[in-house]
Amino acid sequence: MTDWALVIGINSYKGLQTLKYAERDASLMRDFFAEEAKFEQIFYYSDNSPAFIAPNGFEQNTQPNYTNLRSFLRDFFEEPQLEPGDNFWFFFSGHGIRHQDRDYLMPCDVNPRDLEATAIPVNYITERLRRCGADNIVLLLDACREEGSKSGLGIGMEKHQGVITISSCAPSERSYEIGEDIQQGAFTYALLESLRIQGEGNCATVERLYHRLRYRVTEINDYYGKPRQTPYAIAEPASKYHLILLPRQATEQDIATLREDAQDAELEGDLQLAEQLLTRVLALSPADPKALKALKRIWGLSGKIVKPAPPPIPQKSGTKSQTITPPLTKQAKQAPPPRQQIRTRRQLIQVAGFGSVGLVGAVIAHQVWNRNSSSPEYTTSPIEIEETGTTIESPSPAIESQSLPIDKGKVNLKPFNFDVVTVDSQGKETSPNSRQAKFFAQDLGNRVMLEMVEIPGGKFMRGSLPTEKGHTNQESPQIEVTVPPFFIGKYPVTQAQWRVVAALPKVKIDLEAEPSGFKGDNLPVEQVSWYDAEEFCARLSTKSRHTYRLPSEAEWEYACRAGTTTPFHFGETITSKLANYKGIETYHSEPEGPFLDQTTPVGHFQVANAFGLYDIHGNVREWCKDTWHKSYRGVPQDGSAWNSNNDNDSRLLRGGNWFSPPVQCRSAFRTSNSPGASSDKVGFRVVCEAAQTL
């Protein structure tokens, strides 16, 4: 399996506004491809790039003007240079525009008044790239850079057969450069950051990369005061959605998935597809006996007698490996498949990752989708990737977001945007409703951040009515509670955050650096007791000079409900597209979903409640400050913790977990455990008492 790339970055334009960081973006992508991803061949065009010797033996001038770029695309791709199973990446950083229903990239000598003669149509680029012989083409377009004008639409609306296109912004938006400490385009900065994520939470597949980029680019622009910028992706055919971008992170489950799909294709008589799938299995596992046996059988059925040489074993990556998210694994235990009971194309897209077969892994699924999907929501025509928020390794924002320093006792609030989804009793979703809230980022050290969301004070009815399905006397009587403003974690505390704080000086008790059963920087920390969570807060308070603590039970429910009175902040029910719980059980009339049997990365589902909080229904239960009381009779009405005089009494747990049935994920559901107990189903999020803001 071979990877080649064409990388273009242009700062200096004759007829357009000069850019600051496009060339830097391109050079960093070139370095990543060469040094970390270990690509075999990279063609680099920029303002100051040196000439190179093309495979035909001629020197190639690399000034990114119309003549040089067009001639390279025309001449170099006249004959196939690669083979099926190989991958070709195209990265462009510079100006782009949509003109008369066509997408154009702008060379350095473009004439804005004569685009058709001096700009390069994207469909011409893809047509030439498809001639290279590789069956996996990926376009990464950091174009539509801000020109001081809002006229026209950005690129990204065209569909290109056999190509994955990830654009830096939606067609109606612009792509922004960030000065200050980043000095890059927001899209390319987030792209490189995402491709470098290790282990759990990585961005191996197109879907996972896309979802993290949508979240991360928006977050970066929000923080630096730029307008909204939302990456936009189109894949054609739909099989490209779960293309494995960097195959070195392939897992056994990825390979097993390919074998199963190959078997399905063979049973349905699609021998060509079955052969393609099995070839990808062998690219990852060259001696796979089941794949070899199946190929031999297929060649017999199709009349082929040529026995090909085994595909090469993928090389190891460089010192900085990629950023991908294989299925989560539990310590000392083989994890089950990340998703099960796939019934619709959307579920399959959300799940698969399609083996780590590199870009090869995407050729497959067009027919597979047809076989596996009976849902009218999905067709075999090209589908734009939607922000469903269901890819396994989406965004772990709190880990690597950047922040301004916190001035002793004061915090700098920044706005952030998020999507809120509601469902009816059948689980039917409304269109995402965009909201905005404010947060500050607490620097924990080692480039790890803790994002704290501002929660306004207010009143709410604590508990549930007897008419609510799943109600118990422990949730009664309903009582009005007034809650002062506070800050609470946007996500449950992650393992990366825990590790940094656990290394801080001890306050009362020792902390284990790696307590969790499921491993991954962006997964919520679990296997921590109430005492452990208290120690975490004490150490963080000492370091930050803010008061960090566990939330009171009232604060937790108030933050969870975010103004709603329904059983879930999503509405009348919950679905496995929105949260991690035992989806094979239902609460109302919604369809069944998968049971993942494991935690998922924080922010994985890409939807928040109206306060901007994620993962508050499911994933892990969360410790609260309070001791256990069997009802709300006598509960404080000021939002404070309700504690007994016995420190050894059981402590409150709120929210569901990955093992919970939906009835136990309700906003009102409450349970408890001993303060010294720990479980792989229990974590926590922290509160910062209202701090002075700048």
# chains A, B, ... in the order shown; residues from 1 in each chain; ligands from 1
>>> select_by_dssp(residues="range 487-679 of chain A", states="alpha helix (DSSP H)", output="ChimeraX atom specification")
/A:495-502,530-544,553-561
>>> write_last_selection(atoms="N, CA and C atoms", output="mmCIF file, in the first residue's frame")
data_model
loop_
_atom_site.group_PDB
_atom_site.id
_atom_site.type_symbol
_atom_site.label_atom_id
_atom_site.label_comp_id
_atom_site.auth_asym_id
_atom_site.auth_seq_id
_atom_site.Cartn_x
_atom_site.Cartn_y
_atom_site.Cartn_z
ATOM 1 N N GLN A 495 -9.217 11.023 31.316
ATOM 2 C CA GLN A 495 -8.021 10.369 31.844
ATOM 3 C C GLN A 495 -6.783 11.240 31.683
ATOM 4 N N ALA A 496 -6.710 12.011 30.606
ATOM 5 C CA ALA A 496 -5.572 12.916 30.434
ATOM 6 C C ALA A 496 -5.574 13.986 31.526
ATOM 7 N N GLN A 497 -6.749 14.526 31.817
ATOM 8 C CA GLN A 497 -6.853 15.532 32.870
ATOM 9 C C GLN A 497 -6.520 14.935 34.231
ATOM 10 N N TRP A 498 -7.038 13.760 34.491
ATOM 11 C CA TRP A 498 -6.763 13.084 35.761
ATOM 12 C C TRP A 498 -5.262 12.867 35.949
ATOM 13 N N ARG A 499 -4.600 12.397 34.902
ATOM 14 C CA ARG A 499 -3.174 12.061 35.005
ATOM 15 C C ARG A 499 -2.347 13.281 35.400
ATOM 16 N N VAL A 500 -2.668 14.436 34.800
ATOM 17 C CA VAL A 500 -1.907 15.645 35.109
ATOM 18 C C VAL A 500 -2.132 16.077 36.556
ATOM 19 N N VAL A 501 -3.387 16.077 36.986
ATOM 20 C CA VAL A 501 -3.686 16.513 38.350
ATOM 21 C C VAL A 501 -3.170 15.498 39.371
ATOM 22 N N ALA A 502 -3.221 14.218 39.041
ATOM 23 C CA ALA A 502 -2.715 13.188 39.962
ATOM 24 C C ALA A 502 -1.220 13.338 40.207
ATOM 25 N N TRP A 530 -15.153 8.262 45.601
ATOM 26 C CA TRP A 530 -15.542 9.622 45.987
ATOM 27 C C TRP A 530 -14.369 10.323 46.660
ATOM 28 N N TYR A 531 -13.618 9.587 47.478
ATOM 29 C CA TYR A 531 -12.446 10.170 48.128
ATOM 30 C C TYR A 531 -11.406 10.598 47.090
ATOM 31 N N ASP A 532 -11.246 9.765 46.049
ATOM 32 C CA ASP A 532 -10.294 10.119 44.981
ATOM 33 C C ASP A 532 -10.722 11.411 44.282
ATOM 34 N N ALA A 533 -12.031 11.533 43.993
ATOM 35 C CA ALA A 533 -12.532 12.731 43.321
ATOM 36 C C ALA A 533 -12.341 13.963 44.201
ATOM 37 N N GLU A 534 -12.536 13.812 45.503
ATOM 38 C CA GLU A 534 -12.314 14.916 46.425
ATOM 39 C C GLU A 534 -10.844 15.340 46.427
ATOM 40 N N GLU A 535 -9.937 14.390 46.396
ATOM 41 C CA GLU A 535 -8.507 14.705 46.362
ATOM 42 C C GLU A 535 -8.143 15.428 45.066
ATOM 43 N N PHE A 536 -8.732 14.994 43.951
ATOM 44 C CA PHE A 536 -8.516 15.665 42.671
ATOM 45 C C PHE A 536 -8.896 17.141 42.791
ATOM 46 N N CYS A 537 -10.072 17.403 43.365
ATOM 47 C CA CYS A 537 -10.540 18.788 43.510
ATOM 48 C C CYS A 537 -9.608 19.591 44.418
ATOM 49 N N ALA A 538 -9.131 18.967 45.506
ATOM 50 C CA ALA A 538 -8.245 19.671 46.431
ATOM 51 C C ALA A 538 -6.930 20.049 45.754
ATOM 52 N N ARG A 539 -6.360 19.129 44.992
ATOM 53 C CA ARG A 539 -5.095 19.422 44.298
ATOM 54 C C ARG A 539 -5.294 20.500 43.239
ATOM 55 N N LEU A 540 -6.393 20.414 42.510
ATOM 56 C CA LEU A 540 -6.655 21.400 41.470
ATOM 57 C C LEU A 540 -6.897 22.779 42.083
ATOM 58 N N SER A 541 -7.584 22.819 43.211
ATOM 59 C CA SER A 541 -7.829 24.098 43.877
ATOM 60 C C SER A 541 -6.523 24.746 44.308
ATOM 61 N N THR A 542 -5.616 23.933 44.837
ATOM 62 C CA THR A 542 -4.327 24.457 45.270
ATOM 63 C C THR A 542 -3.542 25.025 44.093
ATOM 64 N N LYS A 543 -3.556 24.306 42.984
ATOM 65 C CA LYS A 543 -2.798 24.742 41.810
ATOM 66 C C LYS A 543 -3.398 25.999 41.193
ATOM 67 N N SER A 544 -4.721 26.057 41.092
ATOM 68 C CA SER A 544 -5.378 27.094 40.293
ATOM 69 C C SER A 544 -5.746 28.346 41.073
ATOM 70 N N GLU A 553 -25.862 17.761 44.659
ATOM 71 C CA GLU A 553 -26.842 17.027 43.867
ATOM 72 C C GLU A 553 -27.809 17.991 43.181
ATOM 73 N N ALA A 554 -28.149 19.067 43.872
ATOM 74 C CA ALA A 554 -29.059 20.062 43.276
ATOM 75 C C ALA A 554 -28.411 20.739 42.078
ATOM 76 N N GLU A 555 -27.138 21.111 42.207
ATOM 77 C CA GLU A 555 -26.427 21.736 41.086
ATOM 78 C C GLU A 555 -26.363 20.783 39.907
ATOM 79 N N TRP A 556 -26.108 19.512 40.189
ATOM 80 C CA TRP A 556 -25.987 18.533 39.104
ATOM 81 C C TRP A 556 -27.306 18.420 38.342
ATOM 82 N N GLU A 557 -28.415 18.255 39.062
ATOM 83 C CA GLU A 557 -29.695 18.093 38.367
ATOM 84 C C GLU A 557 -30.104 19.374 37.650
ATOM 85 N N TYR A 558 -29.851 20.519 38.266
ATOM 86 C CA TYR A 558 -30.151 21.804 37.618
ATOM 87 C C TYR A 558 -29.355 21.943 36.322
ATOM 88 N N ALA A 559 -28.046 21.605 36.381
ATOM 89 C CA ALA A 559 -27.197 21.701 35.187
ATOM 90 C C ALA A 559 -27.621 20.687 34.139
ATOM 91 N N CYS A 560 -28.031 19.495 34.569
ATOM 92 C CA CYS A 560 -28.462 18.453 33.631
ATOM 93 C C CYS A 560 -29.736 18.862 32.906
ATOM 94 N N ARG A 561 -30.704 19.326 33.654
ATOM 95 C CA ARG A 561 -31.997 19.669 33.045
ATOM 96 C C ARG A 561 -31.887 20.867 32.109
#
>>> residues_around(residues="range 5-14 of chain A", least_positions_apart="5", cutoff="7 Å", atoms="only C-alpha atoms", output="ChimeraX atom specification")
/A:19-23,25-26,30,41-47,88-94,108-109
>>> residues_around(residues="Tyr176 in chain A", least_positions_apart="6", cutoff="10 Å", atoms="only C-alpha atoms", output="JSON, numbers by chain")
{"A": [142, 143, 144, 145, 146, 147, 168, 169, 184, 185, 186, 187, 217, 221, 226, 227, 228, 229]}
>>> write_last_selection(atoms="C-alpha atoms", output="PDB file, in the first residue's frame")
ATOM      1  CA  ASP A 142      -8.275  24.933   3.455  1.00  0.00           C
ATOM      2  CA  ALA A 143      -9.546  27.487   0.992  1.00  0.00           C
ATOM      3  CA  CYS A 144     -12.110  30.306   1.030  1.00  0.00           C
ATOM      4  CA  ARG A 145      -9.749  32.331   3.185  1.00  0.00           C
ATOM      5  CA  GLU A 146     -11.173  35.639   4.351  1.00  0.00           C
ATOM      6  CA  GLU A 147     -10.715  38.298   1.684  1.00  0.00           C
ATOM      7  CA  SER A 168     -12.371  24.017   5.808  1.00  0.00           C
ATOM      8  CA  CYS A 169     -15.776  25.663   6.040  1.00  0.00           C
ATOM      9  CA  GLN A 184      -2.013  28.912  11.138  1.00  0.00           C
ATOM     10  CA  GLY A 185      -5.365  28.544   9.540  1.00  0.00           C
ATOM     11  CA  ALA A 186      -7.845  27.248  12.119  1.00  0.00           C
ATOM     12  CA  PHE A 187      -8.717  24.275   9.896  1.00  0.00           C
ATOM     13  CA  VAL A 217     -12.457  24.364  14.335  1.00  0.00           C
ATOM     14  CA  ASN A 221     -12.627  30.290  16.160  1.00  0.00           C
ATOM     15  CA  LYS A 226     -13.462  34.721  14.758  1.00  0.00           C
ATOM     16  CA  PRO A 227     -16.799  34.156  13.000  1.00  0.00           C
ATOM     17  CA  ARG A 228     -18.219  30.677  12.893  1.00  0.00           C
ATOM     18  CA  GLN A 229     -16.380  28.259  10.612  1.00  0.00           C
TER      19      GLN A 229
END
>>> closest_residue(among="A:Thr599, A:Phe605, A:Tyr581, A:Phe440", to="Gly656 in chain A", atoms="only C-alpha atoms")
A:Tyr581
>>> atom_distance(atom1="CA of Ser678 in chain A", atom2="CA of Glu526 in chain A")
7.6 Å
>>> atom_distance(atom1="CA of Pro675 in chain A", atom2="CA of Trp628 in chain A")
10.6 Å
>>> closest_residue(among="A:Ile298, A:Ala134, A:Ala37, A:Met1", to="Glu83 in chain A", atoms="only C-alpha atoms")
A:Ala134
>>> closest_residue(among="A:Gly445, A:Gly300, A:Gly655, A:Gly489", to="Leu613 in chain A", atoms="only C-alpha atoms")
A:Gly489
>>> residues_around(residues="Ala170 in chain A", least_positions_apart="6", cutoff="6 Å", atoms="only C-alpha atoms", output="ChimeraX atom specification")
/A:230-232
>>> write_last_selection(atoms="N, CA and C atoms", output="mmCIF file, in the first residue's frame")
data_model
loop_
_atom_site.group_PDB
_atom_site.id
_atom_site.type_symbol
_atom_site.label_atom_id
_atom_site.label_comp_id
_atom_site.auth_asym_id
_atom_site.auth_seq_id
_atom_site.Cartn_x
_atom_site.Cartn_y
_atom_site.Cartn_z
ATOM 1 N N THR A 230 -17.349 26.145 9.973
ATOM 2 C CA THR A 230 -17.738 24.758 10.184
ATOM 3 C C THR A 230 -17.244 23.893 9.032
ATOM 4 N N PRO A 231 -16.238 23.062 9.247
ATOM 5 C CA PRO A 231 -15.781 22.174 8.172
ATOM 6 C C PRO A 231 -16.930 21.379 7.568
ATOM 7 N N TYR A 232 -16.740 21.040 6.314
ATOM 8 C CA TYR A 232 -17.833 20.496 5.512
ATOM 9 C C TYR A 232 -17.259 19.360 4.672
#
>>> closest_residue(among="A:Gly571, A:Trp658, A:Ser476, A:Gly639", to="Pro594 in chain A", atoms="only C-alpha atoms")
A:Trp658
>>> residues_around(residues="range 420-435 of chain A", least_positions_apart="5", cutoff="6 Å", atoms="only C-alpha atoms", output="mmCIF file with all heavy atoms, in the first residue's frame")
data_model
loop_
_atom_site.group_PDB
_atom_site.id
_atom_site.type_symbol
_atom_site.label_atom_id
_atom_site.label_comp_id
_atom_site.auth_asym_id
_atom_site.auth_seq_id
_atom_site.Cartn_x
_atom_site.Cartn_y
_atom_site.Cartn_z
ATOM 1 N N PHE A 570 -32.977 15.743 26.409
ATOM 2 C CA PHE A 570 -33.289 15.576 24.995
ATOM 3 C C PHE A 570 -34.793 15.632 24.739
ATOM 4 O O PHE A 570 -35.215 15.830 23.607
ATOM 5 C CB PHE A 570 -32.767 14.235 24.478
ATOM 6 C CG PHE A 570 -31.280 14.078 24.540
ATOM 7 C CD1 PHE A 570 -30.692 13.116 25.337
ATOM 8 C CD2 PHE A 570 -30.459 14.899 23.795
ATOM 9 C CE1 PHE A 570 -29.320 12.972 25.393
ATOM 10 C CE2 PHE A 570 -29.086 14.770 23.836
ATOM 11 C CZ PHE A 570 -28.507 13.795 24.646
ATOM 12 N N GLY A 571 -35.605 15.369 25.765
ATOM 13 C CA GLY A 571 -37.050 15.361 25.585
ATOM 14 C C GLY A 571 -37.683 14.168 26.274
ATOM 15 O O GLY A 571 -37.278 13.761 27.368
ATOM 16 N N GLU A 572 -38.666 13.565 25.594
ATOM 17 C CA GLU A 572 -39.444 12.497 26.209
ATOM 18 C C GLU A 572 -38.707 11.176 26.304
ATOM 19 O O GLU A 572 -39.118 10.291 27.042
ATOM 20 C CB GLU A 572 -40.748 12.298 25.412
ATOM 21 C CG GLU A 572 -41.709 13.464 25.506
ATOM 22 C CD GLU A 572 -42.174 13.718 26.927
ATOM 23 O OE1 GLU A 572 -42.324 12.723 27.679
ATOM 24 O OE2 GLU A 572 -42.375 14.885 27.285
ATOM 25 N N THR A 573 -37.666 11.023 25.527
ATOM 26 C CA THR A 573 -36.916 9.773 25.577
ATOM 27 C C THR A 573 -35.469 10.047 25.210
ATOM 28 O O THR A 573 -35.033 11.204 25.143
ATOM 29 C CB THR A 573 -37.552 8.706 24.652
ATOM 30 O OG1 THR A 573 -36.954 7.432 24.931
ATOM 31 C CG2 THR A 573 -37.361 9.041 23.187
ATOM 32 N N HIS A 588 -39.211 4.538 25.806
ATOM 33 C CA HIS A 588 -40.540 4.892 25.294
ATOM 34 C C HIS A 588 -40.780 4.089 24.030
ATOM 35 O O HIS A 588 -40.725 2.868 24.063
ATOM 36 C CB HIS A 588 -40.625 6.400 25.053
ATOM 37 C CG HIS A 588 -41.976 6.982 25.349
ATOM 38 N ND1 HIS A 588 -43.092 6.631 24.643
ATOM 39 C CD2 HIS A 588 -42.398 7.885 26.281
ATOM 40 C CE1 HIS A 588 -44.145 7.279 25.107
ATOM 41 N NE2 HIS A 588 -43.753 8.047 26.110
ATOM 42 N N SER A 589 -40.988 4.766 22.908
ATOM 43 C CA SER A 589 -41.263 4.077 21.644
ATOM 44 C C SER A 589 -40.122 4.238 20.656
ATOM 45 O O SER A 589 -40.302 4.023 19.459
ATOM 46 C CB SER A 589 -42.560 4.617 21.028
ATOM 47 O OG SER A 589 -43.632 4.499 21.933
ATOM 48 N N GLU A 590 -38.944 4.632 21.138
ATOM 49 C CA GLU A 590 -37.794 4.803 20.259
ATOM 50 C C GLU A 590 -37.250 3.444 19.811
ATOM 51 O O GLU A 590 -37.481 2.429 20.469
ATOM 52 C CB GLU A 590 -36.683 5.596 20.978
ATOM 53 C CG GLU A 590 -35.905 4.842 22.025
ATOM 54 C CD GLU A 590 -36.591 4.786 23.385
ATOM 55 O OE1 GLU A 590 -37.781 5.154 23.474
ATOM 56 O OE2 GLU A 590 -35.940 4.359 24.355
ATOM 57 N N VAL A 607 -23.630 16.417 20.688
ATOM 58 C CA VAL A 607 -24.790 17.211 21.042
ATOM 59 C C VAL A 607 -24.741 17.518 22.531
ATOM 60 O O VAL A 607 -24.286 16.700 23.327
ATOM 61 C CB VAL A 607 -26.118 16.510 20.684
ATOM 62 C CG1 VAL A 607 -26.310 16.459 19.183
ATOM 63 C CG2 VAL A 607 -26.172 15.113 21.278
ATOM 64 N N ALA A 608 -25.188 18.694 22.897
ATOM 65 C CA ALA A 608 -25.142 19.147 24.283
ATOM 66 C C ALA A 608 -26.548 19.484 24.760
ATOM 67 O O ALA A 608 -27.507 19.496 23.983
ATOM 68 C CB ALA A 608 -24.234 20.375 24.398
ATOM 69 N N ASN A 609 -26.670 19.764 26.057
ATOM 70 C CA ASN A 609 -27.937 20.307 26.535
ATOM 71 C C ASN A 609 -27.926 21.824 26.364
ATOM 72 O O ASN A 609 -26.950 22.397 25.858
ATOM 73 C CB ASN A 609 -28.234 19.867 27.972
ATOM 74 C CG ASN A 609 -27.311 20.500 29.005
ATOM 75 O OD1 ASN A 609 -26.530 21.411 28.715
ATOM 76 N ND2 ASN A 609 -27.382 20.005 30.228
#
>>> atom_distance(atom1="CA of Thr586 in chain A", atom2="CA of Pro661 in chain A")
7.5 Å
>>> closest_residue(among="A:Val138, A:Cys132, A:Glu193, A:Leu69", to="Phe32 in chain A", atoms="only C-alpha atoms")
A:Glu193
>>> residues_around(residues="Val481 in chain A", least_positions_apart="5", cutoff="7 Å", atoms="only C-alpha atoms", output="PyMOL selection string")
chain A and resi 459-462+637-639
>>> closest_residue(among="A:Glu622, A:Glu127, A:Glu59, A:Glu36", to="Asp680 in chain A", atoms="only C-alpha atoms")
A:Glu622
>>> decode(residues="range 407-488 of chain A", atoms="C-alpha atoms", output="short mmCIF file (atom, residue, chain, number, x, y, z; two decimals), in the first residue's frame")
data_model
loop_
_atom_site.label_atom_id
_atom_site.label_comp_id
_atom_site.auth_asym_id
_atom_site.auth_seq_id
_atom_site.Cartn_x
_atom_site.Cartn_y
_atom_site.Cartn_z
CA ASP A 407 -5.23 35.88 36.23
CA LYS A 408 -5.10 34.88 39.93
CA GLY A 409 -8.69 34.58 41.02
CA LYS A 410 -10.09 35.81 37.70
CA VAL A 411 -11.14 33.97 34.60
CA ASN A 412 -11.41 35.00 30.95
CA LEU A 413 -14.77 33.95 29.59
CA LYS A 414 -15.06 33.04 25.93
CA PRO A 415 -18.19 32.14 23.96
CA PHE A 416 -18.62 28.76 22.30
CA ASN A 417 -21.30 27.39 20.01
CA PHE A 418 -22.94 24.01 20.26
CA ASP A 419 -25.90 22.07 18.92
CA VAL A 420 -28.93 21.05 20.95
CA VAL A 421 -31.16 18.21 19.74
CA THR A 422 -34.58 17.21 21.04
CA VAL A 423 -36.51 14.01 20.36
CA ASP A 424 -40.15 12.99 20.61
CA SER A 425 -41.41 9.81 22.26
CA GLN A 426 -40.54 7.81 19.12
CA GLY A 427 -36.97 9.09 19.20
CA LYS A 428 -37.41 11.26 16.12
CA GLU A 429 -34.93 14.12 16.22
CA THR A 430 -35.55 17.75 15.50
CA SER A 431 -33.03 19.67 13.47
CA PRO A 432 -30.04 20.72 15.61
CA ASN A 433 -30.60 24.06 17.27
CA SER A 434 -27.44 26.13 17.53
CA ARG A 435 -26.83 27.71 20.93
CA GLN A 436 -24.06 29.70 22.56
CA ALA A 437 -22.70 29.73 26.12
CA LYS A 438 -19.54 30.94 27.82
CA PHE A 439 -16.66 29.02 29.32
CA PHE A 440 -13.15 29.42 30.63
CA ALA A 441 -10.31 26.98 30.14
CA GLN A 442 -8.29 26.00 33.19
CA ASP A 443 -4.71 25.16 32.26
CA LEU A 444 -3.80 21.95 34.09
CA GLY A 445 -0.30 21.79 32.63
CA ASN A 446 1.28 19.69 29.86
CA ARG A 447 -1.05 21.39 27.33
CA VAL A 448 -4.07 19.78 28.99
CA MET A 449 -7.07 22.02 29.57
CA LEU A 450 -10.22 21.72 31.66
CA GLU A 451 -13.17 23.57 30.14
CA MET A 452 -15.60 25.06 32.65
CA VAL A 453 -19.02 26.24 31.45
CA GLU A 454 -20.81 29.18 33.02
CA ILE A 455 -24.17 28.11 34.48
CA PRO A 456 -26.58 30.96 35.26
CA GLY A 457 -28.41 30.91 38.56
CA GLY A 458 -32.10 30.12 38.64
CA LYS A 459 -34.94 28.04 40.03
CA PHE A 460 -36.08 24.55 39.07
CA MET A 461 -38.28 21.73 40.30
CA ARG A 462 -36.03 19.07 41.77
CA GLY A 463 -37.13 15.44 41.43
CA SER A 464 -39.89 13.92 39.32
CA LEU A 465 -43.65 13.47 39.40
CA PRO A 466 -45.20 10.05 40.07
CA THR A 467 -46.51 10.09 36.50
CA GLU A 468 -42.99 9.97 35.04
CA LYS A 469 -42.03 6.51 33.83
CA GLY A 470 -39.40 5.08 36.14
CA HIS A 471 -40.28 7.41 39.04
CA THR A 472 -39.44 6.17 42.53
CA ASN A 473 -40.16 7.59 45.95
CA GLN A 474 -36.48 8.55 46.15
CA GLU A 475 -37.26 11.30 43.62
CA SER A 476 -40.09 12.77 45.73
CA PRO A 477 -41.47 15.09 46.76
CA GLN A 478 -40.80 17.53 43.98
CA ILE A 479 -39.54 20.75 45.48
CA GLU A 480 -38.52 24.12 44.06
CA VAL A 481 -34.84 24.88 44.57
CA THR A 482 -32.95 28.11 43.91
CA VAL A 483 -29.43 27.58 42.59
CA PRO A 484 -26.77 30.34 42.55
CA PRO A 485 -24.54 30.68 39.45
CA PHE A 486 -21.51 28.43 39.15
CA PHE A 487 -19.14 26.84 36.62
CA ILE A 488 -19.19 23.13 35.84
#
